[in-house]
>>> print(open('run_3.txt').read())   # compact mmCIF, C-alpha atoms
# COMPACT_ATOMS: atom_id res chain seq x y z
CA MET A 1 101.73 68.56 96.76
CA ILE A 2 104.51 71.18 96.82
CA SER A 3 106.35 69.13 94.21
CA LEU A 4 103.31 69.21 91.93
CA THR A 5 102.96 72.98 92.41
CA VAL A 6 106.61 73.47 91.46
CA THR A 7 106.14 71.30 88.35
CA LEU A 8 103.07 73.31 87.30
CA LEU A 9 104.89 76.58 87.97
CA LEU A 10 107.84 75.48 85.81
CA TRP A 11 105.54 74.46 82.97
CA ALA A 12 103.67 77.77 83.26
CA VAL A 13 107.01 79.58 82.86
CA ALA A 14 107.91 77.31 79.91
CA ALA A 15 104.48 77.90 78.30
CA GLY A 16 104.78 81.68 78.71
CA LEU A 17 108.23 81.65 77.12
CA ALA A 18 106.96 79.34 74.33
CA LEU A 19 104.19 81.83 73.53
CA ALA A 20 106.72 84.67 73.34
CA VAL A 21 108.88 82.60 70.96
CA VAL A 22 105.85 81.72 68.77
CA LEU A 23 105.17 85.46 68.43
CA GLN A 24 108.69 85.81 67.00
CA GLY A 25 107.82 83.30 64.31
CA LYS A 26 106.93 79.62 63.82
CA LEU A 27 110.40 78.68 62.60
CA ALA A 28 112.08 80.14 65.69
CA PHE A 29 109.68 78.14 67.87
CA HIS A 30 110.31 74.87 66.02
CA MET A 31 114.07 75.30 66.19
CA SER A 32 114.29 76.21 69.87
CA ALA A 33 111.70 73.62 70.97
CA ARG A 34 113.69 71.00 69.06
CA LEU A 35 116.88 72.08 70.87
CA GLY A 36 115.11 71.81 74.24
CA VAL A 37 113.76 68.33 73.47
CA LEU A 38 117.18 67.14 72.22
CA GLU A 39 118.84 68.42 75.40
CA PHE A 40 116.26 66.58 77.50
CA LEU A 41 116.82 63.32 75.57
CA ARG A 42 120.59 63.71 75.99
CA LEU A 43 120.18 64.12 79.75
CA LEU A 44 117.69 61.27 80.18
CA PRO A 45 120.16 58.33 80.51
CA ARG A 46 122.39 60.41 82.82
CA LEU A 47 119.45 61.28 85.04
CA ALA A 48 118.37 57.66 85.15
CA ILE A 49 121.83 56.53 86.27
CA GLY A 50 122.21 59.40 88.74
CA VAL A 51 118.80 59.31 90.41
CA ILE A 52 118.23 55.56 90.49
CA GLY A 53 121.89 54.99 91.33
CA SER A 54 122.08 57.44 94.25
CA GLY A 55 119.62 55.29 96.17
CA TYR A 56 121.96 52.29 95.91
CA ILE A 57 124.99 54.36 96.91
CA ALA A 58 123.11 55.68 99.96
CA ALA A 59 121.92 52.18 100.88
CA ALA A 60 125.50 50.86 100.67
CA LEU A 61 126.86 53.49 103.10
CA PRO A 62 127.19 52.72 106.81
CA PRO A 63 124.62 55.11 108.37
CA ASP A 64 126.38 55.91 111.65
CA ILE A 65 129.79 56.80 110.21
CA VAL A 66 128.91 60.51 109.96
CA SER A 67 127.37 61.08 113.37
CA GLN A 68 130.39 59.46 115.03
CA TRP A 69 132.70 62.23 113.87
CA LEU A 70 130.53 65.34 114.22
CA GLY A 71 129.91 65.83 117.96
CA PRO A 72 129.49 69.38 119.35
CA ASP A 73 132.93 69.15 121.00
CA SER A 74 134.66 68.23 117.74
CA GLY A 75 135.16 71.98 117.07
CA PRO A 76 136.89 73.23 113.91
CA LEU A 77 138.30 69.75 113.16
CA GLY A 78 134.75 68.40 113.26
CA VAL A 79 133.72 71.16 110.85
CA VAL A 80 136.50 70.17 108.42
CA ILE A 81 135.58 66.48 108.67
CA ALA A 82 131.91 67.41 108.16
CA THR A 83 132.85 69.36 105.02
CA LEU A 84 134.79 66.38 103.63
CA ALA A 85 131.95 64.00 104.47
CA GLY A 86 129.47 66.29 102.69
CA THR A 87 131.69 66.32 99.61
CA LEU A 88 131.69 62.52 99.44
CA THR A 89 127.98 61.98 100.18
CA PRO A 90 125.98 60.93 97.10
CA GLY A 91 123.60 63.46 95.56
CA GLY A 92 119.87 63.13 95.17
CA PRO A 93 117.64 65.39 97.20
CA VAL A 94 117.20 63.26 100.30
CA VAL A 95 120.52 61.61 101.12
CA GLY A 96 122.51 64.54 102.56
CA PHE A 97 119.58 65.96 104.50
CA SER A 98 118.60 62.62 106.01
CA ILE A 99 122.18 61.85 107.09
CA GLY A 100 122.53 65.40 108.46
CA ALA A 101 119.25 65.15 110.36
CA ALA A 102 120.23 61.73 111.72
CA ALA A 103 123.59 63.14 112.84
CA LEU A 104 121.85 66.06 114.57
CA LYS A 105 119.53 63.65 116.39
CA GLY A 106 122.49 61.44 117.22
CA GLY A 107 124.23 64.30 119.06
CA ALA A 108 126.19 66.16 116.38
CA GLY A 109 126.79 69.90 116.83
CA ALA A 110 124.68 72.35 114.80
CA PRO A 111 127.69 74.14 113.17
CA GLN A 112 129.11 70.79 112.10
CA VAL A 113 125.78 69.73 110.59
CA ILE A 114 125.51 73.12 108.82
CA ALA A 115 129.02 72.60 107.36
CA TYR A 116 128.04 69.07 106.31
CA SER A 117 124.77 69.96 104.57
CA THR A 118 126.26 73.12 103.01
CA ALA A 119 129.24 71.21 101.56
CA TRP A 120 126.90 68.48 100.34
CA ALA A 121 124.55 71.00 98.72
CA LEU A 122 127.39 72.97 97.10
CA PHE A 123 129.78 70.36 95.81
CA ALA A 124 128.77 66.77 96.56
CA PHE A 125 131.09 64.93 94.22
CA PRO A 126 128.73 62.24 92.92
CA ARG A 127 126.16 64.90 91.94
CA LEU A 128 128.88 66.96 90.30
CA LEU A 129 129.84 63.98 88.13
CA ALA A 130 126.32 62.78 87.38
CA PHE A 131 124.52 66.07 86.71
CA GLU A 132 126.53 69.24 86.68
CA LEU A 133 129.44 68.23 84.40
CA PRO A 134 127.18 66.87 81.62
CA MET A 135 125.03 70.04 81.70
CA MET A 136 127.59 72.84 82.17
CA PRO A 137 130.95 73.87 80.70
CA PRO A 138 133.49 71.91 82.85
CA ARG A 139 135.70 75.01 83.34
CA VAL A 140 132.84 76.85 85.05
CA VAL A 141 132.00 73.82 87.19
CA TRP A 142 135.55 73.53 88.54
CA LEU A 143 135.79 77.29 89.08
CA ARG A 144 132.51 77.12 91.01
CA VAL A 145 133.83 74.30 93.21
CA LEU A 146 137.06 76.22 93.84
CA VAL A 147 135.39 79.45 94.99
CA SER A 148 132.81 77.47 97.02
CA LEU A 149 135.43 75.61 99.05
CA PRO A 150 135.53 78.12 101.98
CA ILE A 151 131.73 78.49 102.21
CA PRO A 152 130.91 75.46 104.45
CA LEU A 153 133.66 76.55 106.87
CA LEU A 154 132.40 80.16 106.83
CA ALA A 155 128.81 78.97 107.37
CA ALA A 156 129.87 76.93 110.41
CA ALA A 157 131.91 79.86 111.75
CA GLY A 158 128.89 82.15 111.29
CA ALA A 159 126.65 79.72 113.19
CA MET A 160 129.26 79.47 115.98
CA LEU A 161 129.53 83.28 116.19
CA ILE A 162 125.82 84.01 116.52
CA GLY A 163 125.34 80.93 118.69
CA ARG A 164 122.30 79.72 116.71
CA PRO A 165 120.59 77.43 115.90
CA MET B 1 126.05 75.76 73.12
CA SER B 2 128.65 74.52 70.67
CA ALA B 3 131.29 74.35 73.40
CA ARG B 4 129.21 71.83 75.35
CA ARG B 5 129.98 68.20 74.92
CA ARG B 6 127.55 66.36 72.68
CA SER B 7 128.89 62.84 73.01
CA ALA B 8 126.40 60.14 73.95
CA PHE B 9 128.49 59.07 76.95
CA ASP B 10 131.19 60.87 78.92
CA TRP B 11 133.68 60.01 81.63
CA SER B 12 131.74 61.60 84.51
CA THR B 13 128.70 59.45 83.73
CA ALA B 14 130.95 56.41 83.38
CA VAL B 15 132.48 57.01 86.85
CA ILE B 16 129.08 57.38 88.47
CA ALA B 17 127.79 54.28 86.66
CA ALA B 18 130.72 52.25 88.00
CA LEU B 19 130.05 53.56 91.54
CA VAL B 20 126.38 52.67 91.23
CA LEU B 21 127.16 49.13 90.03
CA ALA B 22 129.54 48.58 92.97
CA ALA B 23 127.00 49.97 95.47
CA ALA B 24 124.18 47.90 93.96
CA ALA B 25 126.34 44.78 94.19
CA LYS B 26 126.96 45.48 97.88
CA VAL B 27 123.25 46.04 98.53
CA TRP B 28 122.42 42.81 96.69
CA LEU B 29 125.02 40.75 98.59
CA GLN B 30 123.86 42.10 101.95
CA GLY B 31 120.11 42.39 101.46
CA GLY B 32 119.24 40.14 98.50
CA SER B 33 116.74 40.80 95.73
CA ALA B 34 114.03 42.07 98.11
CA ARG B 35 116.24 44.97 99.28
CA MET B 36 117.30 45.65 95.65
CA LEU B 37 113.65 46.04 94.60
CA GLU B 38 112.84 48.18 97.65
CA VAL B 39 115.58 50.71 96.80
CA LEU B 40 114.68 50.61 93.10
CA SER B 41 110.98 51.36 93.66
CA ALA B 42 111.78 54.34 95.93
CA ASP B 43 114.16 55.77 93.32
CA LEU B 44 111.82 55.12 90.38
CA GLY B 45 109.20 57.26 92.15
CA LEU B 46 111.74 60.06 92.53
CA PHE B 47 112.81 59.67 88.89
CA ALA B 48 109.19 59.95 87.71
CA ASP B 49 108.77 63.04 89.90
CA ILE B 50 111.75 64.95 88.50
CA LEU B 51 111.29 64.05 84.79
CA PRO B 52 108.60 66.66 84.00
CA LYS B 53 110.67 69.27 85.88
CA VAL B 54 113.81 68.49 83.88
CA PHE B 55 111.86 68.60 80.62
CA ALA B 56 110.43 72.02 81.55
CA GLY B 57 113.93 73.20 82.54
CA CYS B 58 115.39 72.17 79.18
CA LEU B 59 112.60 73.95 77.29
CA ILE B 60 112.98 77.08 79.46
CA GLY B 61 116.71 77.10 78.72
CA ALA B 62 116.11 76.74 74.96
CA PHE B 63 113.37 79.41 74.83
CA VAL B 64 115.36 81.85 76.97
CA THR B 65 118.29 81.40 74.59
CA GLN B 66 115.98 82.24 71.68
CA LEU B 67 114.28 85.22 73.37
CA LEU B 68 117.01 87.15 75.13
CA PRO B 69 119.29 89.19 72.90
CA ARG B 70 122.95 88.46 73.59
CA GLU B 71 123.71 92.15 74.24
CA MET B 72 121.02 92.36 76.91
CA VAL B 73 122.24 89.28 78.80
CA ALA B 74 125.81 90.51 78.54
CA ARG B 75 124.81 93.93 79.88
CA TRP B 76 122.81 92.50 82.82
CA VAL B 77 124.96 89.55 83.87
CA GLY B 78 128.04 89.69 81.62
CA ALA B 79 131.67 90.17 82.61
CA GLU B 80 131.24 93.95 82.65
CA SER B 81 127.95 93.96 84.58
CA GLY B 82 129.75 94.77 87.82
CA PHE B 83 128.42 94.11 91.32
CA ALA B 84 124.81 94.70 90.18
CA GLY B 85 125.12 91.74 87.79
CA ILE B 86 126.10 89.45 90.66
CA LEU B 87 123.12 90.73 92.71
CA VAL B 88 120.71 90.16 89.80
CA ALA B 89 122.01 86.59 89.38
CA THR B 90 121.73 85.94 93.13
CA MET B 91 118.08 87.09 93.21
CA ALA B 92 117.24 85.06 90.10
CA GLY B 93 118.72 81.94 91.72
CA ALA B 94 116.73 82.46 94.93
CA ILE B 95 113.36 82.73 93.15
CA LEU B 96 113.65 80.19 90.31
CA PRO B 97 111.66 77.04 91.15
CA GLY B 98 112.91 73.51 90.46
CA GLY B 99 115.82 71.27 91.39
CA PRO B 100 119.47 71.14 90.36
CA PHE B 101 118.23 69.22 87.35
CA THR B 102 116.49 72.42 86.24
CA ILE B 103 119.05 74.98 87.34
CA TYR B 104 122.07 73.54 85.47
CA PRO B 105 120.51 73.57 81.97
CA VAL B 106 119.21 77.12 82.57
CA ALA B 107 122.61 78.32 83.85
CA GLY B 108 124.30 76.60 80.91
CA ALA B 109 121.97 78.39 78.48
CA PHE B 110 122.70 81.77 80.09
CA LEU B 111 126.44 81.11 79.84
CA ALA B 112 126.04 80.28 76.15
CA ILE B 113 124.32 83.61 75.43
CA GLY B 114 126.69 85.95 77.23
CA ALA B 115 126.49 85.62 81.02
CA ASP B 116 129.91 85.42 82.67
CA ALA B 117 131.15 82.68 85.01
CA GLY B 118 130.82 84.94 88.09
CA ALA B 119 127.11 85.56 87.49
CA ALA B 120 126.42 81.90 86.67
CA ILE B 121 128.21 80.81 89.84
CA ALA B 122 126.31 83.35 91.98
CA PHE B 123 123.11 82.03 90.37
CA ILE B 124 123.83 78.36 91.15
CA THR B 125 125.15 79.08 94.66
CA SER B 126 122.08 81.20 95.43
CA TRP B 127 119.73 78.49 94.20
CA THR B 128 121.65 75.90 96.24
CA LEU B 129 121.83 77.82 99.53
CA LEU B 130 118.87 80.24 99.47
CA GLY B 131 116.33 78.68 97.07
CA TYR B 132 112.95 78.45 98.79
CA ASN B 133 111.96 75.37 96.81
CA ARG B 134 114.79 73.23 98.14
CA ALA B 135 114.37 74.58 101.69
CA LEU B 136 110.59 74.00 101.75
CA VAL B 137 110.40 70.65 99.99
CA TRP B 138 113.49 68.88 101.28
CA GLU B 139 115.23 70.63 104.14
CA MET B 140 112.35 71.71 106.38
CA PRO B 141 110.88 68.20 106.88
CA PHE B 142 114.28 66.91 108.02
CA PHE B 143 115.67 69.77 110.10
CA GLY B 144 112.64 71.83 111.18
CA TYR B 145 111.90 75.52 110.80
CA ASP B 146 114.35 76.94 113.34
CA PHE B 147 117.46 75.19 111.99
CA VAL B 148 116.67 76.07 108.35
CA PHE B 149 115.94 79.73 109.22
CA TRP B 150 119.32 80.24 110.87
CA ARG B 151 121.18 78.25 108.23
CA VAL B 152 119.69 80.41 105.45
CA LEU B 153 120.38 83.62 107.41
CA VAL B 154 124.06 82.68 107.80
CA ALA B 155 124.22 81.78 104.07
CA LEU B 156 122.81 85.10 102.76
CA PRO B 157 126.16 86.70 101.72
CA PHE B 158 127.71 83.54 100.21
CA PRO B 159 126.29 83.62 96.63
CA VAL B 160 127.60 87.16 96.20
CA LEU B 161 130.94 86.13 97.73
CA ALA B 162 131.26 83.13 95.38
CA GLY B 163 130.36 85.26 92.34
CA VAL B 164 132.88 87.99 93.20
CA LEU B 165 135.63 85.43 93.93
CA ALA B 166 134.93 83.68 90.61
CA ARG B 167 135.26 86.97 88.71
CA LEU B 168 138.52 87.81 90.48
CA ALA B 169 139.87 84.35 89.62
CA VAL B 170 138.83 84.66 85.96
CA ARG B 171 140.43 88.11 85.78
CA ALA B 172 143.68 86.89 87.41
CA ILE B 173 143.88 83.93 85.02
CA SER B 174 143.21 85.98 81.87
CA ALA B 175 145.65 88.71 82.99
CA ARG B 176 148.34 86.05 83.28
CA LEU B 177 147.49 84.68 79.84
CA ILE B 178 147.71 88.10 78.22
CA ASP B 179 150.77 89.34 80.10
CA PRO B 180 152.91 86.40 81.24
>>> encode(input="run_3.txt", output="structure tokens")
Amino acid sequence: MISLTVTLLLWAVAAGLALAVVLQGKLAFHMSARLGVLEFLRLLPRLAIGVIGSGYIAAALPPDIVSQWLGPDSGPLGVVIATLAGTLTPGGPVVGFSIGAAALKGGAGAPQVIAYSTAWALFAFPRLLAFELPMMPPRVVWLRVLVSLPIPLLAAAGAMLIGRP
Amino acid sequence: MSARRRSAFDWSTAVIAALVLAAAAKVWLQGGSARMLEVLSADLGLFADILPKVFAGCLIGAFVTQLLPREMVARWVGAESGFAGILVATMAGAILPGGPFTIYPVAGAFLAIGADAGAAIAFITSWTLLGYNRALVWEMPFFGYDFVFWRVLVALPFPVLAGVLARLAVRAISARLIDP
């Protein structure tokens, strides 16, 4: 339901922008719409490999390997291991969250799980390769990864400091 | 746009395809064809769900490129936009709906028409860590309200931090190139 709402919202934004471009002239609309469609077609095989493939990568992973290493007493080392594990977890919207939630239920500490899901969200390597590099200038992608490196550690430290959740 | 690779196949896709083949082989060896089909049907549903979003994202990127004058983008989120530019990018990332499949083409389009790397990085980081869509659709069902609330609260300064760090890095690198 939420997913459908988001899709409709996106298409409403696209339609509004399309109208504004049409007002600029028919030729401008044809040219930019063509560019958008071409970009979509270029991404299609990559999306197919990335989305359908991430399910197989997740299914091939041993599920308990993460929770083993992320206990509440694992401290800063646990946070670092969590960050590394997040980096290596395959992309796709569900995988990192489901492993993180399973780890939390299996006794992992909240700061460790925050580090894990933050690292996974920011720079999960498989998603980087499958989606971000084909769509963005590689220089910007690597710069983004570089400046994001401290964030999972800072997030865990923040959670430890305020003592929540 | 011209700087972006236009080849039909690139090395990053090739690496991921090889990983997928290896993982699929392992799943097949361990679980047989039934397990293969089970995973495939779950992922095909997801694929069908994101396709219209990606298509909309590509069109939004193309139309935005057509509509926004280069000078305006450069002034708002360009290299000289200062701290305000990073804040604008952070807010835009937090409110734009859609998944990473949508955000990357849009960010790429903004880069092509004059946004700087710092703003683009603040934009992506903000979408990743603060975006309500991701939190509501994916994170909340797994972690619950309390966990997500505190995680987002802790993450509030990070998009700005990443954007500022990226600008400092770009400046340090270009200073070295100009004055070795």
>>> atom_distance(input="run_3.txt", atom1="atom CA of Gly93 of chain B", atom2="atom CA of Gly131 of chain B")
6.7 Å
>>> closest_residue(input="run_3.txt", among="A:Phe125, A:Gly75, A:Ala130, A:Leu8", to="Ile52 of chain A", atoms="only C-alpha atoms")
A:Ala130
>>> residues_around(input="run_3.txt", residues="Thr7 of chain A", least_positions_apart="4", cutoff="8 Å", atoms="all atoms listed in the file", output="list in words")
Ser3 and Trp11 of chain A; Pro52, Lys53 and Gly98 of chain B
>>> interface_residues(input="run_3.txt", of="chain B", to="chain A", cutoff="7 Å", atoms="all atoms listed in the file", output="ChimeraX atom specification")
/B:4,12-13,16-17,20,23-24,26-27,39-40,43-44,47,52-53,55-56,58-60,62-63,66-67,97-98,104-105,108,117,121,125,128,137-139,142-143,146-147,150-151,154-155,158,162,165-166
>>> write_last_selection(input="run_3.txt", atoms="C-alpha atoms", output="PDB file, in the frame of the given file")
ATOM      1  CA  ARG B   4     129.210  71.830  75.350  1.00  0.00           C
ATOM      2  CA  SER B  12     131.740  61.600  84.510  1.00  0.00           C
ATOM      3  CA  THR B  13     128.700  59.450  83.730  1.00  0.00           C
ATOM      4  CA  ILE B  16     129.080  57.380  88.470  1.00  0.00           C
ATOM      5  CA  ALA B  17     127.790  54.280  86.660  1.00  0.00           C
ATOM      6  CA  VAL B  20     126.380  52.670  91.230  1.00  0.00           C
ATOM      7  CA  ALA B  23     127.000  49.970  95.470  1.00  0.00           C
ATOM      8  CA  ALA B  24     124.180  47.900  93.960  1.00  0.00           C
ATOM      9  CA  LYS B  26     126.960  45.480  97.880  1.00  0.00           C
ATOM     10  CA  VAL B  27     123.250  46.040  98.530  1.00  0.00           C
ATOM     11  CA  VAL B  39     115.580  50.710  96.800  1.00  0.00           C
ATOM     12  CA  LEU B  40     114.680  50.610  93.100  1.00  0.00           C
ATOM     13  CA  ASP B  43     114.160  55.770  93.320  1.00  0.00           C
ATOM     14  CA  LEU B  44     111.820  55.120  90.380  1.00  0.00           C
ATOM     15  CA  PHE B  47     112.810  59.670  88.890  1.00  0.00           C
ATOM     16  CA  PRO B  52     108.600  66.660  84.000  1.00  0.00           C
ATOM     17  CA  LYS B  53     110.670  69.270  85.880  1.00  0.00           C
ATOM     18  CA  PHE B  55     111.860  68.600  80.620  1.00  0.00           C
ATOM     19  CA  ALA B  56     110.430  72.020  81.550  1.00  0.00           C
ATOM     20  CA  CYS B  58     115.390  72.170  79.180  1.00  0.00           C
ATOM     21  CA  LEU B  59     112.600  73.950  77.290  1.00  0.00           C
ATOM     22  CA  ILE B  60     112.980  77.080  79.460  1.00  0.00           C
ATOM     23  CA  ALA B  62     116.110  76.740  74.960  1.00  0.00           C
ATOM     24  CA  PHE B  63     113.370  79.410  74.830  1.00  0.00           C
ATOM     25  CA  GLN B  66     115.980  82.240  71.680  1.00  0.00           C
ATOM     26  CA  LEU B  67     114.280  85.220  73.370  1.00  0.00           C
ATOM     27  CA  PRO B  97     111.660  77.040  91.150  1.00  0.00           C
ATOM     28  CA  GLY B  98     112.910  73.510  90.460  1.00  0.00           C
ATOM     29  CA  TYR B 104     122.070  73.540  85.470  1.00  0.00           C
ATOM     30  CA  PRO B 105     120.510  73.570  81.970  1.00  0.00           C
ATOM     31  CA  GLY B 108     124.300  76.600  80.910  1.00  0.00           C
ATOM     32  CA  ALA B 117     131.150  82.680  85.010  1.00  0.00           C
ATOM     33  CA  ILE B 121     128.210  80.810  89.840  1.00  0.00           C
ATOM     34  CA  THR B 125     125.150  79.080  94.660  1.00  0.00           C
ATOM     35  CA  THR B 128     121.650  75.900  96.240  1.00  0.00           C
ATOM     36  CA  VAL B 137     110.400  70.650  99.990  1.00  0.00           C
ATOM     37  CA  TRP B 138     113.490  68.880 101.280  1.00  0.00           C
ATOM     38  CA  GLU B 139     115.230  70.630 104.140  1.00  0.00           C
ATOM     39  CA  PHE B 142     114.280  66.910 108.020  1.00  0.00           C
ATOM     40  CA  PHE B 143     115.670  69.770 110.100  1.00  0.00           C
ATOM     41  CA  ASP B 146     114.350  76.940 113.340  1.00  0.00           C
ATOM     42  CA  PHE B 147     117.460  75.190 111.990  1.00  0.00           C
ATOM     43  CA  TRP B 150     119.320  80.240 110.870  1.00  0.00           C
ATOM     44  CA  ARG B 151     121.180  78.250 108.230  1.00  0.00           C
ATOM     45  CA  VAL B 154     124.060  82.680 107.800  1.00  0.00           C
ATOM     46  CA  ALA B 155     124.220  81.780 104.070  1.00  0.00           C
ATOM     47  CA  PHE B 158     127.710  83.540 100.210  1.00  0.00           C
ATOM     48  CA  ALA B 162     131.260  83.130  95.380  1.00  0.00           C
ATOM     49  CA  LEU B 165     135.630  85.430  93.930  1.00  0.00           C
ATOM     50  CA  ALA B 166     134.930  83.680  90.610  1.00  0.00           C
TER      51      ALA B 166
END
>>> closest_residue(input="run_3.txt", among="B:Ala18, B:Val54, B:Leu153, B:Ala169", to="Ile103 of chain B", atoms="only C-alpha atoms")
B:Val54
>>> atom_distance(input="run_3.txt", atom1="atom CA of Val79 of chain A", atom2="atom CA of Ala119 of chain A")
10.3 Å
>>> atom_distance(input="run_3.txt", atom1="atom CA of Ala74 of chain B", atom2="atom CA of Gly114 of chain B")
4.8 Å
>>> closest_residue(input="run_3.txt", among="A:Met160, A:Leu153, A:Ala108, A:Ala124", to="Thr89 of chain A", atoms="only C-alpha atoms")
A:Ala124
>>> residues_around(input="run_3.txt", residues="Gly78 of chain B", least_positions_apart="6", cutoff="9 Å", atoms="all atoms listed in the file", output="list in words")
Glu71, Met72, Gly85, Leu111, Gly114, Ala115, Asp116, Ala117, Gly118 and Ala119 of chain B
>>> residues_near_point(input="run_3.txt", point="(135.3, 63.8, 112.5)", cutoff="8 Å", atoms="only C-alpha atoms", output="list in words")
Val66, Gln68, Trp69, Leu70, Gly71, Ser74, Leu77, Gly78, Val79, Val80, Ile81 and Ala82 of chain A
>>> write_last_selection(input="run_3.txt", atoms="C-alpha atoms", output="compact mmCIF listing (two decimals), in the coordinates of the input")
# COMPACT_ATOMS: atom_id res chain seq x y z
CA VAL A 66 128.91 60.51 109.96
CA GLN A 68 130.39 59.46 115.03
CA TRP A 69 132.70 62.23 113.87
CA LEU A 70 130.53 65.34 114.22
CA GLY A 71 129.91 65.83 117.96
CA SER A 74 134.66 68.23 117.74
CA LEU A 77 138.30 69.75 113.16
CA GLY A 78 134.75 68.40 113.26
CA VAL A 79 133.72 71.16 110.85
CA VAL A 80 136.50 70.17 108.42
CA ILE A 81 135.58 66.48 108.67
CA ALA A 82 131.91 67.41 108.16
>>> decode(input="run_3.txt", residues="segment 25-57 of chain A", atoms="C-alpha atoms", output="compact mmCIF listing (two decimals), in the first residue's frame")
# COMPACT_ATOMS: atom_id res chain seq x y z
CA GLY A 25 8.09 23.41 -26.34
CA LYS A 26 7.25 20.05 -27.92
CA LEU A 27 10.79 19.45 -29.14
CA ALA A 28 12.28 19.92 -25.67
CA PHE A 29 9.75 17.41 -24.31
CA HIS A 30 10.50 14.81 -27.00
CA MET A 31 14.23 15.12 -26.48
CA SER A 32 14.22 14.92 -22.68
CA ALA A 33 11.57 12.16 -22.55
CA ARG A 34 13.69 10.17 -25.01
CA LEU A 35 16.76 10.63 -22.77
CA GLY A 36 14.77 9.42 -19.74
CA VAL A 37 13.48 6.34 -21.57
CA LEU A 38 16.97 5.51 -22.89
CA GLU A 39 18.43 5.78 -19.39
CA PHE A 40 15.73 3.45 -18.08
CA LEU A 41 16.42 0.89 -20.83
CA ARG A 42 20.14 1.08 -20.08
CA LEU A 43 19.50 0.38 -16.40
CA LEU A 44 16.99 -2.43 -16.97
CA PRO A 45 19.45 -5.38 -17.35
CA ARG A 46 21.53 -4.09 -14.41
CA LEU A 47 18.45 -3.85 -12.22
CA ALA A 48 17.37 -7.33 -13.23
CA ILE A 49 20.76 -8.80 -12.28
CA GLY A 50 20.97 -6.77 -9.06
CA VAL A 51 17.46 -7.28 -7.70
CA ILE A 52 16.90 -10.89 -8.74
CA GLY A 53 20.49 -11.73 -7.88
CA SER A 54 20.49 -10.24 -4.37
CA GLY A 55 17.92 -12.82 -3.31
CA TYR A 56 20.28 -15.64 -4.29
CA ILE A 57 23.24 -14.01 -2.55
